[in-house]
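Scroll down for the structure; my scribbles are underneath it.
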Amino acid sequence: MDVKDYMETLGRQARAASRAMAKASTAAKNAALLAMAADIRARQAELLAANAEDVAEARANGLEPAMLDRLTLTAKGVESMAQGLEQVATLPDPIGEITDMKYRPTGIQVGKMRVPLGVVGIIYEARPNVTADAAALCLKSGNASILRGGKEAIRCNQAIAVSVRKGLAAAGLPETAVQVVETTDRAAVGHLVAMPEFVDVIVPRGGKGLIERISKEARVPVIKHLDGNCHVYIDASADAEKALKILENAKTQRLGTCNTAESLLVARPVAAALLPQLAAMLIAKGVEIRGCVETQALVPQAKAATEEDYYTEYLAAIISCKVVADVDEAIAHINQYSSAHTETIVTEDYTRAMRFLREVDSSSVMVNASTRFADGFEYGLGAEIGISTDKFHARGPVGLEGLTSQKWIVFGNGEVRG
């Protein structure tokens, strides 16, 4: 079977399985998740052996250290996968929830029911744990899924897939409800994103290059974000201690995440007093500052920022910095240069805080909190499938509800339209 035929077979099987998953009971879905977790624990040695082979081959092929780190699975990682499946089983089932019921003057009742999207295609790079996470979230939200992991993790992903299939079978659900693509041929991705007859939505998880390719080639909707150019704005009324604490966490807790701050804006009235303190903390943490002329005057160690710096997601120990007149200039700067991921204002002024919340056009907007909170777990979603900077159909961290849609429902008692 060639790659096109293979992917279409997966698509047909997923579409058929999605019908069964849409009507699956909460009990059956939870039973499948718990059985998967138990099997993953029981087969820990097998999973670690498969992963060791993947890692050895990737190292021999010159995979960069950061990717090798993501690829490597430990006993603790296997246990985390199992616990993740168990945690998703404890989450409320969104499917079938009826909301917004209202009586109309005609006597009918109109409302909405939450339903699965159908078939979700997920494309991700060398993180074997995503196989279990994605399977769990798609299953609990009543969807069928086709998972295409990175070629570097092919052995481990297939080993995890065995546990997934066993769990589905144990709960009486179709094993084709979660299918892990077995070929490493890159053409499989091109076919997966171009099968609207079988796939309802694509979720890419990986680097910018992967997401750009999928966005360009996809013929089905994509839930995605390309960049995480997040901003911290220090307002003229900011509490200095809060500002220092929030910026330190937002920029330096982890450098390589999409919710890490990449740009600092400081209001001119407090720049002389606060910016040197903020810069000293960043420099002590090894962060390079690239700033405007006013920033350089206040922070001699700062390098000159280019226009491109203000657009850049560094994912490194670098931050851009600009002194702005006030909240108006801060909002305008963010809406021009931001990637619409996450922005925060540090302020003690309620009116400016509310303006920032209303007028900044990003998927997460915060007041007096670190951008690092932009995460499905931190938002109480239990887990996330990814983060979306689009406006349809999901925005921000995407959890179970983001993998569902709503349909209108009507209750009547013989009413007819006049």
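Convention: chains lettered A, B, ... in structure tokens order; per-chain residue numbering from 1; ligands numbered from 1 as shown.
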
request  = Extract, using only C-alpha atoms, all DNA, RNA and protein residues at most 8 Å from A:Thr344, discarding same-chain residues fewer than 5 positions from it, and format them as a PyMOL selection string.
outcome  = chain A and resi 231-233+365-371

request  = Check stretch 4-114 of chain A with DSSP on the backbone and list each residue it calls strand (DSSP E), as a ChimeraX atom specification.
outcome  = /A:98-103,109-114

Take the residues from that selection and write them out as a compact mmCIF listing (two decimals), in the first residue's frame, keeping all heavy atoms.
# COMPACT_ATOMS: atom_id res chain seq x y z
N ILE A 98 -25.85 20.42 27.99
CA ILE A 98 -26.84 21.32 27.40
C ILE A 98 -26.83 22.63 28.17
O ILE A 98 -26.92 22.64 29.40
CB ILE A 98 -28.25 20.68 27.42
CG1 ILE A 98 -28.27 19.43 26.54
CG2 ILE A 98 -29.30 21.68 26.96
CD1 ILE A 98 -29.57 18.65 26.60
N THR A 99 -26.71 23.73 27.45
CA THR A 99 -26.65 25.05 28.08
C THR A 99 -27.55 26.04 27.35
O THR A 99 -28.03 25.78 26.25
CB THR A 99 -25.20 25.59 28.07
OG1 THR A 99 -24.74 25.66 26.70
CG2 THR A 99 -24.27 24.72 28.88
N ASP A 100 -27.75 27.18 27.98
CA ASP A 100 -28.44 28.34 27.39
C ASP A 100 -29.87 28.03 26.94
O ASP A 100 -30.35 28.60 25.94
CB ASP A 100 -27.63 28.90 26.19
CG ASP A 100 -26.21 29.27 26.57
OD1 ASP A 100 -26.01 29.74 27.70
OD2 ASP A 100 -25.31 29.08 25.74
N MET A 101 -30.56 27.15 27.65
CA MET A 101 -31.94 26.83 27.26
C MET A 101 -32.86 28.02 27.57
O MET A 101 -32.84 28.56 28.67
CB MET A 101 -32.43 25.60 28.01
CG MET A 101 -31.75 24.30 27.62
SD MET A 101 -31.94 23.85 25.88
CE MET A 101 -33.71 23.61 25.77
N LYS A 102 -33.63 28.42 26.56
CA LYS A 102 -34.56 29.55 26.71
C LYS A 102 -35.87 29.22 26.01
O LYS A 102 -35.87 28.61 24.94
CB LYS A 102 -33.96 30.83 26.08
CG LYS A 102 -32.69 31.34 26.75
CD LYS A 102 -32.21 32.62 26.08
CE LYS A 102 -30.96 33.17 26.74
NZ LYS A 102 -29.80 32.31 26.54
N TYR A 103 -36.97 29.63 26.64
CA TYR A 103 -38.27 29.52 25.99
C TYR A 103 -38.45 30.67 25.01
O TYR A 103 -38.12 31.82 25.30
CB TYR A 103 -39.40 29.57 27.02
CG TYR A 103 -39.72 28.24 27.65
CD1 TYR A 103 -39.29 27.94 28.93
CD2 TYR A 103 -40.45 27.28 26.95
CE1 TYR A 103 -39.56 26.71 29.52
CE2 TYR A 103 -40.74 26.05 27.52
CZ TYR A 103 -40.28 25.77 28.80
OH TYR A 103 -40.56 24.56 29.36
N GLN A 109 -38.40 25.46 23.21
CA GLN A 109 -37.21 25.75 23.98
C GLN A 109 -35.99 25.61 23.07
O GLN A 109 -35.87 24.62 22.34
CB GLN A 109 -37.06 24.76 25.14
CG GLN A 109 -37.77 25.14 26.41
CD GLN A 109 -37.42 24.16 27.52
OE1 GLN A 109 -37.84 23.01 27.47
NE2 GLN A 109 -36.65 24.60 28.49
N VAL A 110 -35.11 26.59 23.11
CA VAL A 110 -33.92 26.59 22.25
C VAL A 110 -32.67 26.65 23.13
O VAL A 110 -32.61 27.41 24.11
CB VAL A 110 -33.93 27.80 21.28
CG1 VAL A 110 -32.67 27.81 20.42
CG2 VAL A 110 -35.18 27.77 20.42
N GLY A 111 -31.69 25.81 22.82
CA GLY A 111 -30.43 25.81 23.57
C GLY A 111 -29.30 25.23 22.76
O GLY A 111 -29.41 25.08 21.53
N LYS A 112 -28.22 24.89 23.43
CA LYS A 112 -27.05 24.35 22.75
C LYS A 112 -26.57 23.08 23.45
O LYS A 112 -26.63 22.98 24.68
CB LYS A 112 -25.91 25.38 22.75
CG LYS A 112 -26.19 26.62 21.91
CD LYS A 112 -25.03 27.59 22.00
CE LYS A 112 -25.31 28.85 21.18
NZ LYS A 112 -24.19 29.83 21.31
N MET A 113 -26.07 22.15 22.65
CA MET A 113 -25.49 20.91 23.17
C MET A 113 -24.04 20.80 22.71
O MET A 113 -23.74 21.06 21.54
CB MET A 113 -26.27 19.69 22.67
CG MET A 113 -25.67 18.35 23.11
SD MET A 113 -26.54 16.92 22.45
CE MET A 113 -27.99 16.92 23.51
N ARG A 114 -23.16 20.42 23.63
CA ARG A 114 -21.74 20.29 23.29
C ARG A 114 -21.49 18.93 22.65
O ARG A 114 -21.93 17.90 23.17
CB ARG A 114 -20.86 20.47 24.53
CG ARG A 114 -19.40 20.67 24.19
CD ARG A 114 -18.65 21.39 25.27
NE ARG A 114 -19.06 22.77 25.42
CZ ARG A 114 -18.67 23.77 24.63
NH1 ARG A 114 -17.87 23.53 23.59
NH2 ARG A 114 -19.08 25.00 24.85

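The interatomic distance for the pair atom CA of A:Thr90 and atom CA of A:Ile387 works out to 22.0 Å.
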
remark   = Among A:Lys303, A:Arg219, A:Lys140, A:Lys322, A:Gly399 is approached most closely, using only C-alpha atoms, by A:Lys140

ask   = What's the 12 Å shell around A:Thr74, counting only C-alpha atoms, without same-chain residues fewer than 5 positions away, as a VMD selection string?
value = chain A and resid 44 to 52 55 69 79 to 81 128 to 129 156

Could you write out the selected residues, including C-alpha atoms, as a PDB file, in the first residue's frame?
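Result went into out.pdb, see below:
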ATOM      1  CA  GLN A  44       7.468   0.295  31.296  1.00  0.00           C
ATOM      2  CA  ALA A  45      10.561  -1.765  30.434  1.00  0.00           C
ATOM      3  CA  GLU A  46       9.324  -2.281  26.864  1.00  0.00           C
ATOM      4  CA  LEU A  47       8.638   1.425  26.395  1.00  0.00           C
ATOM      5  CA  LEU A  48      12.038   2.422  27.768  1.00  0.00           C
ATOM      6  CA  ALA A  49      13.805  -0.124  25.535  1.00  0.00           C
ATOM      7  CA  ALA A  50      12.002   1.202  22.448  1.00  0.00           C
ATOM      8  CA  ASN A  51      12.869   4.755  23.448  1.00  0.00           C
ATOM      9  CA  ALA A  52      16.529   3.832  23.991  1.00  0.00           C
ATOM     10  CA  VAL A  55      17.546   7.934  21.161  1.00  0.00           C
ATOM     11  CA  ASP A  69      16.323  15.858  25.683  1.00  0.00           C
ATOM     12  CA  GLU A  79       4.837   7.192  35.260  1.00  0.00           C
ATOM     13  CA  SER A  80       3.899  10.789  34.327  1.00  0.00           C
ATOM     14  CA  MET A  81       2.236   9.514  31.154  1.00  0.00           C
ATOM     15  CA  PRO A 128       6.705  10.494  22.880  1.00  0.00           C
ATOM     16  CA  ASN A 129       4.603  11.660  25.858  1.00  0.00           C
ATOM     17  CA  CYS A 156       8.439   4.466  21.297  1.00  0.00           C
TER      18      CYS A 156
END

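In terms of minimum interatomic distance to A:Gly396, A:Ala340 ranks closest within A:Leu117, A:Ala194, A:Ala42, A:Ala340, counting only C-alpha atoms.
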
All residues 10 Å or closer to stretch 310-318 of chain A, only C-alpha atoms, same chain fewer than 4 positions away omitted, as number ranges by chain = A: 226-231, 251-252, 254-264, 282-283, 285-291, 305-306, 322, 333-334, 336-339

Selection from above, N, CA and C atoms, as a CSV table (one decimal), in the first residue's frame, can you write it?
chain,number,residue,atom,x,y,z
A,226,LEU,N,2.1,30.3,15.7
A,226,LEU,CA,3.4,30.2,15.1
A,226,LEU,C,4.5,30.7,16.1
A,227,ASP,N,4.2,31.8,16.8
A,227,ASP,CA,5.2,32.4,17.6
A,227,ASP,C,4.6,32.8,19.0
A,228,GLY,N,5.5,32.9,20.0
A,228,GLY,CA,5.1,33.4,21.3
A,228,GLY,C,5.9,34.6,21.7
A,229,ASN,N,5.6,35.7,21.0
A,229,ASN,CA,6.3,37.0,21.3
A,229,ASN,C,5.5,37.7,22.4
A,230,CYS,N,5.7,37.3,23.7
A,230,CYS,CA,4.9,37.8,24.8
A,230,CYS,C,5.5,39.0,25.4
A,231,HIS,N,4.7,40.0,25.9
A,231,HIS,CA,5.1,41.3,26.4
A,231,HIS,C,4.8,41.4,27.9
A,251,LYS,N,10.4,36.0,32.2
A,251,LYS,CA,11.5,35.8,31.3
A,251,LYS,C,12.5,34.7,31.6
A,252,THR,N,12.8,34.5,32.9
A,252,THR,CA,13.9,33.6,33.2
A,252,THR,C,13.6,32.3,33.8
A,254,ARG,N,11.9,29.8,32.5
A,254,ARG,CA,12.2,28.9,31.4
A,254,ARG,C,12.4,29.7,30.1
A,255,LEU,N,13.4,29.6,29.4
A,255,LEU,CA,13.7,30.4,28.3
A,255,LEU,C,13.0,29.9,27.0
A,256,GLY,N,12.8,28.6,26.9
A,256,GLY,CA,12.4,28.0,25.6
A,256,GLY,C,10.9,27.7,25.4
A,257,THR,N,10.0,28.3,26.3
A,257,THR,CA,8.6,28.1,26.1
A,257,THR,C,7.9,29.2,25.4
A,258,CYS,N,6.7,28.9,24.8
A,258,CYS,CA,6.0,29.9,24.1
A,258,CYS,C,5.4,31.0,24.9
A,259,ASN,N,5.2,30.7,26.2
A,259,ASN,CA,4.7,31.8,27.1
A,259,ASN,C,5.7,32.5,27.9
A,260,THR,N,7.0,32.4,27.5
A,260,THR,CA,8.1,33.2,28.1
A,260,THR,C,8.0,34.6,27.5
A,261,ALA,N,8.3,35.6,28.4
A,261,ALA,CA,8.3,37.0,27.9
A,261,ALA,C,9.5,37.2,27.0
A,262,GLU,N,9.3,37.9,25.9
A,262,GLU,CA,10.3,38.2,24.9
A,262,GLU,C,10.5,39.7,24.8
A,263,SER,N,9.6,40.5,25.3
A,263,SER,CA,9.6,42.0,25.1
A,263,SER,C,9.2,42.7,26.4
A,264,LEU,N,9.9,43.7,26.8
A,264,LEU,CA,9.6,44.5,28.0
A,264,LEU,C,9.3,45.9,27.6
A,282,LEU,N,17.9,41.1,35.1
A,282,LEU,CA,18.0,40.4,33.9
A,282,LEU,C,19.5,40.0,33.6
A,283,ILE,N,20.3,41.0,33.7
A,283,ILE,CA,21.7,40.8,33.4
A,283,ILE,C,22.4,39.8,34.3
A,285,LYS,N,20.9,37.4,35.6
A,285,LYS,CA,20.4,36.1,35.1
A,285,LYS,C,21.0,35.7,33.8
A,286,GLY,N,21.9,36.5,33.2
A,286,GLY,CA,22.5,36.2,31.9
A,286,GLY,C,21.7,36.6,30.7
A,287,VAL,N,20.7,37.5,30.9
A,287,VAL,CA,19.9,37.9,29.8
A,287,VAL,C,20.4,39.1,29.1
A,288,GLU,N,20.6,39.0,27.7
A,288,GLU,CA,21.0,40.2,26.9
A,288,GLU,C,19.8,41.1,26.6
A,289,ILE,N,20.0,42.4,26.8
A,289,ILE,CA,18.9,43.4,26.6
A,289,ILE,C,19.2,44.1,25.3
A,290,ARG,N,18.2,44.1,24.4
A,290,ARG,CA,18.3,44.9,23.2
A,290,ARG,C,17.2,46.0,23.3
A,291,GLY,N,17.7,47.2,23.4
A,291,GLY,CA,16.7,48.3,23.7
A,291,GLY,C,16.7,49.5,22.8
A,305,ALA,N,18.4,47.9,19.8
A,305,ALA,CA,17.3,47.1,19.2
A,305,ALA,C,17.0,47.5,17.8
A,306,THR,N,16.8,46.5,16.9
A,306,THR,CA,16.4,46.7,15.6
A,306,THR,C,14.9,46.6,15.5
A,322,LYS,N,11.7,48.6,25.4
A,322,LYS,CA,11.3,49.9,24.8
A,322,LYS,C,10.7,50.7,25.9
A,333,HIS,N,2.0,49.4,20.6
A,333,HIS,CA,3.2,48.6,20.3
A,333,HIS,C,2.9,47.1,20.3
A,334,ILE,N,2.2,46.7,21.4
A,334,ILE,CA,1.8,45.3,21.5
A,334,ILE,C,1.0,44.8,20.3
A,336,GLN,N,0.9,45.9,17.4
A,336,GLN,CA,1.7,45.9,16.2
A,336,GLN,C,2.7,44.7,16.1
A,337,TYR,N,3.4,44.5,17.2
A,337,TYR,CA,4.6,43.6,17.2
A,337,TYR,C,4.3,42.2,17.8
A,338,SER,N,3.2,42.1,18.6
A,338,SER,CA,3.0,40.8,19.3
A,338,SER,C,2.5,39.8,18.3
A,339,SER,N,2.7,38.5,18.8
A,339,SER,CA,2.2,37.3,18.0
A,339,SER,C,0.8,36.9,18.5

key: Residue list (alpha helix (DSSP H), DSSP) for stretch 191-364 of chain A, as a ChimeraX atom specification   = /A:191-192,208-217,240-252,268-284,293-298,327-337,350-359

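The space between atom CA of A:Thr176 and atom CA of A:Glu384 spans 22.3 Å.
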
query = For A:Thr295, which of A:Val193, A:Leu274, A:Cys321, A:Arg41 is the closest residue, counting only C-alpha atoms?
reply = A:Cys321

For atom CA of A:Ser237 and atom CA of A:Val293, the interatomic separation in Å (one decimal) = 22.8 Å

Which residues are close to A:Glu329, i.e. within 12 Å by only C-alpha atoms, leaving aside same-chain residues fewer than 4 positions away? Reply as a CSV table (one decimal) with N, CA, C and O atoms, in the first residue's frame.
chain,number,residue,atom,x,y,z
A,233,TYR,N,4.4,44.8,30.3
A,233,TYR,CA,4.3,46.2,30.3
A,233,TYR,C,4.3,46.7,31.7
A,233,TYR,O,3.4,46.4,32.5
A,235,ASP,N,3.6,49.6,33.9
A,235,ASP,CA,2.9,50.9,33.9
A,235,ASP,C,3.5,51.9,34.9
A,235,ASP,O,4.2,51.6,35.8
A,265,LEU,N,8.2,46.4,28.0
A,265,LEU,CA,7.9,47.8,27.8
A,265,LEU,C,7.8,48.5,29.2
A,265,LEU,O,7.2,48.0,30.1
A,266,VAL,N,8.4,49.7,29.3
A,266,VAL,CA,8.4,50.5,30.6
A,266,VAL,C,7.8,51.9,30.3
A,266,VAL,O,8.3,52.6,29.4
A,267,ALA,N,6.9,52.3,31.1
A,267,ALA,CA,6.3,53.7,31.0
A,267,ALA,C,7.4,54.7,31.3
A,267,ALA,O,8.1,54.6,32.3
A,268,ARG,N,7.5,55.8,30.6
A,268,ARG,CA,8.5,56.8,30.7
A,268,ARG,C,8.6,57.4,32.1
A,268,ARG,O,9.7,57.6,32.6
A,322,LYS,N,11.7,48.6,25.4
A,322,LYS,CA,11.3,49.9,24.8
A,322,LYS,C,10.7,50.7,25.9
A,322,LYS,O,9.8,50.3,26.7
A,323,VAL,N,11.1,52.0,26.0
A,323,VAL,CA,10.4,52.9,26.9
A,323,VAL,C,9.3,53.6,26.1
A,323,VAL,O,9.5,54.1,25.0
A,324,VAL,N,8.1,53.5,26.7
A,324,VAL,CA,6.9,54.0,26.0
A,324,VAL,C,6.3,55.2,26.8
A,324,VAL,O,6.5,55.2,28.1
A,325,ALA,N,5.5,56.0,26.2
A,325,ALA,CA,5.0,57.2,26.9
A,325,ALA,C,4.0,56.8,28.0
A,325,ALA,O,4.0,57.3,29.1
A,333,HIS,N,2.0,49.4,20.6
A,333,HIS,CA,3.2,48.6,20.3
A,333,HIS,C,2.9,47.1,20.3
A,333,HIS,O,3.3,46.4,19.4
A,334,ILE,N,2.2,46.7,21.4
A,334,ILE,CA,1.8,45.3,21.5
A,334,ILE,C,1.0,44.8,20.3
A,334,ILE,O,1.3,43.8,19.7
A,335,ASN,N,0.0,45.6,20.0
A,335,ASN,CA,-0.9,45.1,18.9
A,335,ASN,C,-0.2,45.1,17.5
A,335,ASN,O,-0.6,44.4,16.6
A,336,GLN,N,0.9,45.9,17.4
A,336,GLN,CA,1.7,45.9,16.2
A,336,GLN,C,2.7,44.7,16.1
A,336,GLN,O,2.8,44.0,15.1
A,356,PHE,N,-6.3,47.8,29.2
A,356,PHE,CA,-5.3,46.8,28.7
A,356,PHE,C,-6.0,45.5,28.4
A,356,PHE,O,-5.8,44.9,27.3
A,359,GLU,N,-8.4,46.2,25.2
A,359,GLU,CA,-7.8,46.7,23.9
A,359,GLU,C,-6.6,45.9,23.4
A,359,GLU,O,-6.3,46.0,22.2
A,360,VAL,N,-6.0,45.1,24.2
A,360,VAL,CA,-4.9,44.2,23.7
A,360,VAL,C,-5.5,43.0,23.0
A,360,VAL,O,-6.3,42.3,23.6

Residue neighbourhood A:Ser25, 12 Å, only C-alpha atoms, exclusion window fewer than 4 positions, as a list of chain:residue names = A:Ala20, A:Met21, A:Lys29, A:Asn30, A:Ala31, A:Ala32, A:Asp93, A:Pro94, A:Ile95, A:Gly96, A:Leu139, A:Lys140, A:Ser141, A:Gly142, A:Ala171, A:Gly172, A:Leu173

inquiry  = With only C-alpha atoms as the counted atoms, please give the residues lying no more than 10 Å from A:Glu217, apart from itself and same-chain residues fewer than 6 positions off, as a VMD selection string.
reply    = chain A and resid 189 to 194 211

Got time to write the residues from that selection, C-alpha atoms, as an mmCIF file, in the first residue's frame?
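That gives us out17.cif:
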data_model
loop_
_atom_site.group_PDB
_atom_site.id
_atom_site.type_symbol
_atom_site.label_atom_id
_atom_site.label_comp_id
_atom_site.auth_asym_id
_atom_site.auth_seq_id
_atom_site.Cartn_x
_atom_site.Cartn_y
_atom_site.Cartn_z
ATOM 1 C CA VAL A 189 1.740 14.672 6.757
ATOM 2 C CA GLY A 190 0.813 16.187 3.400
ATOM 3 C CA HIS A 191 -1.960 13.638 2.930
ATOM 4 C CA LEU A 192 -3.247 13.942 6.523
ATOM 5 C CA VAL A 193 -3.780 17.705 6.268
ATOM 6 C CA ALA A 194 -5.517 17.441 2.898
ATOM 7 C CA ILE A 211 3.502 24.800 11.735
#
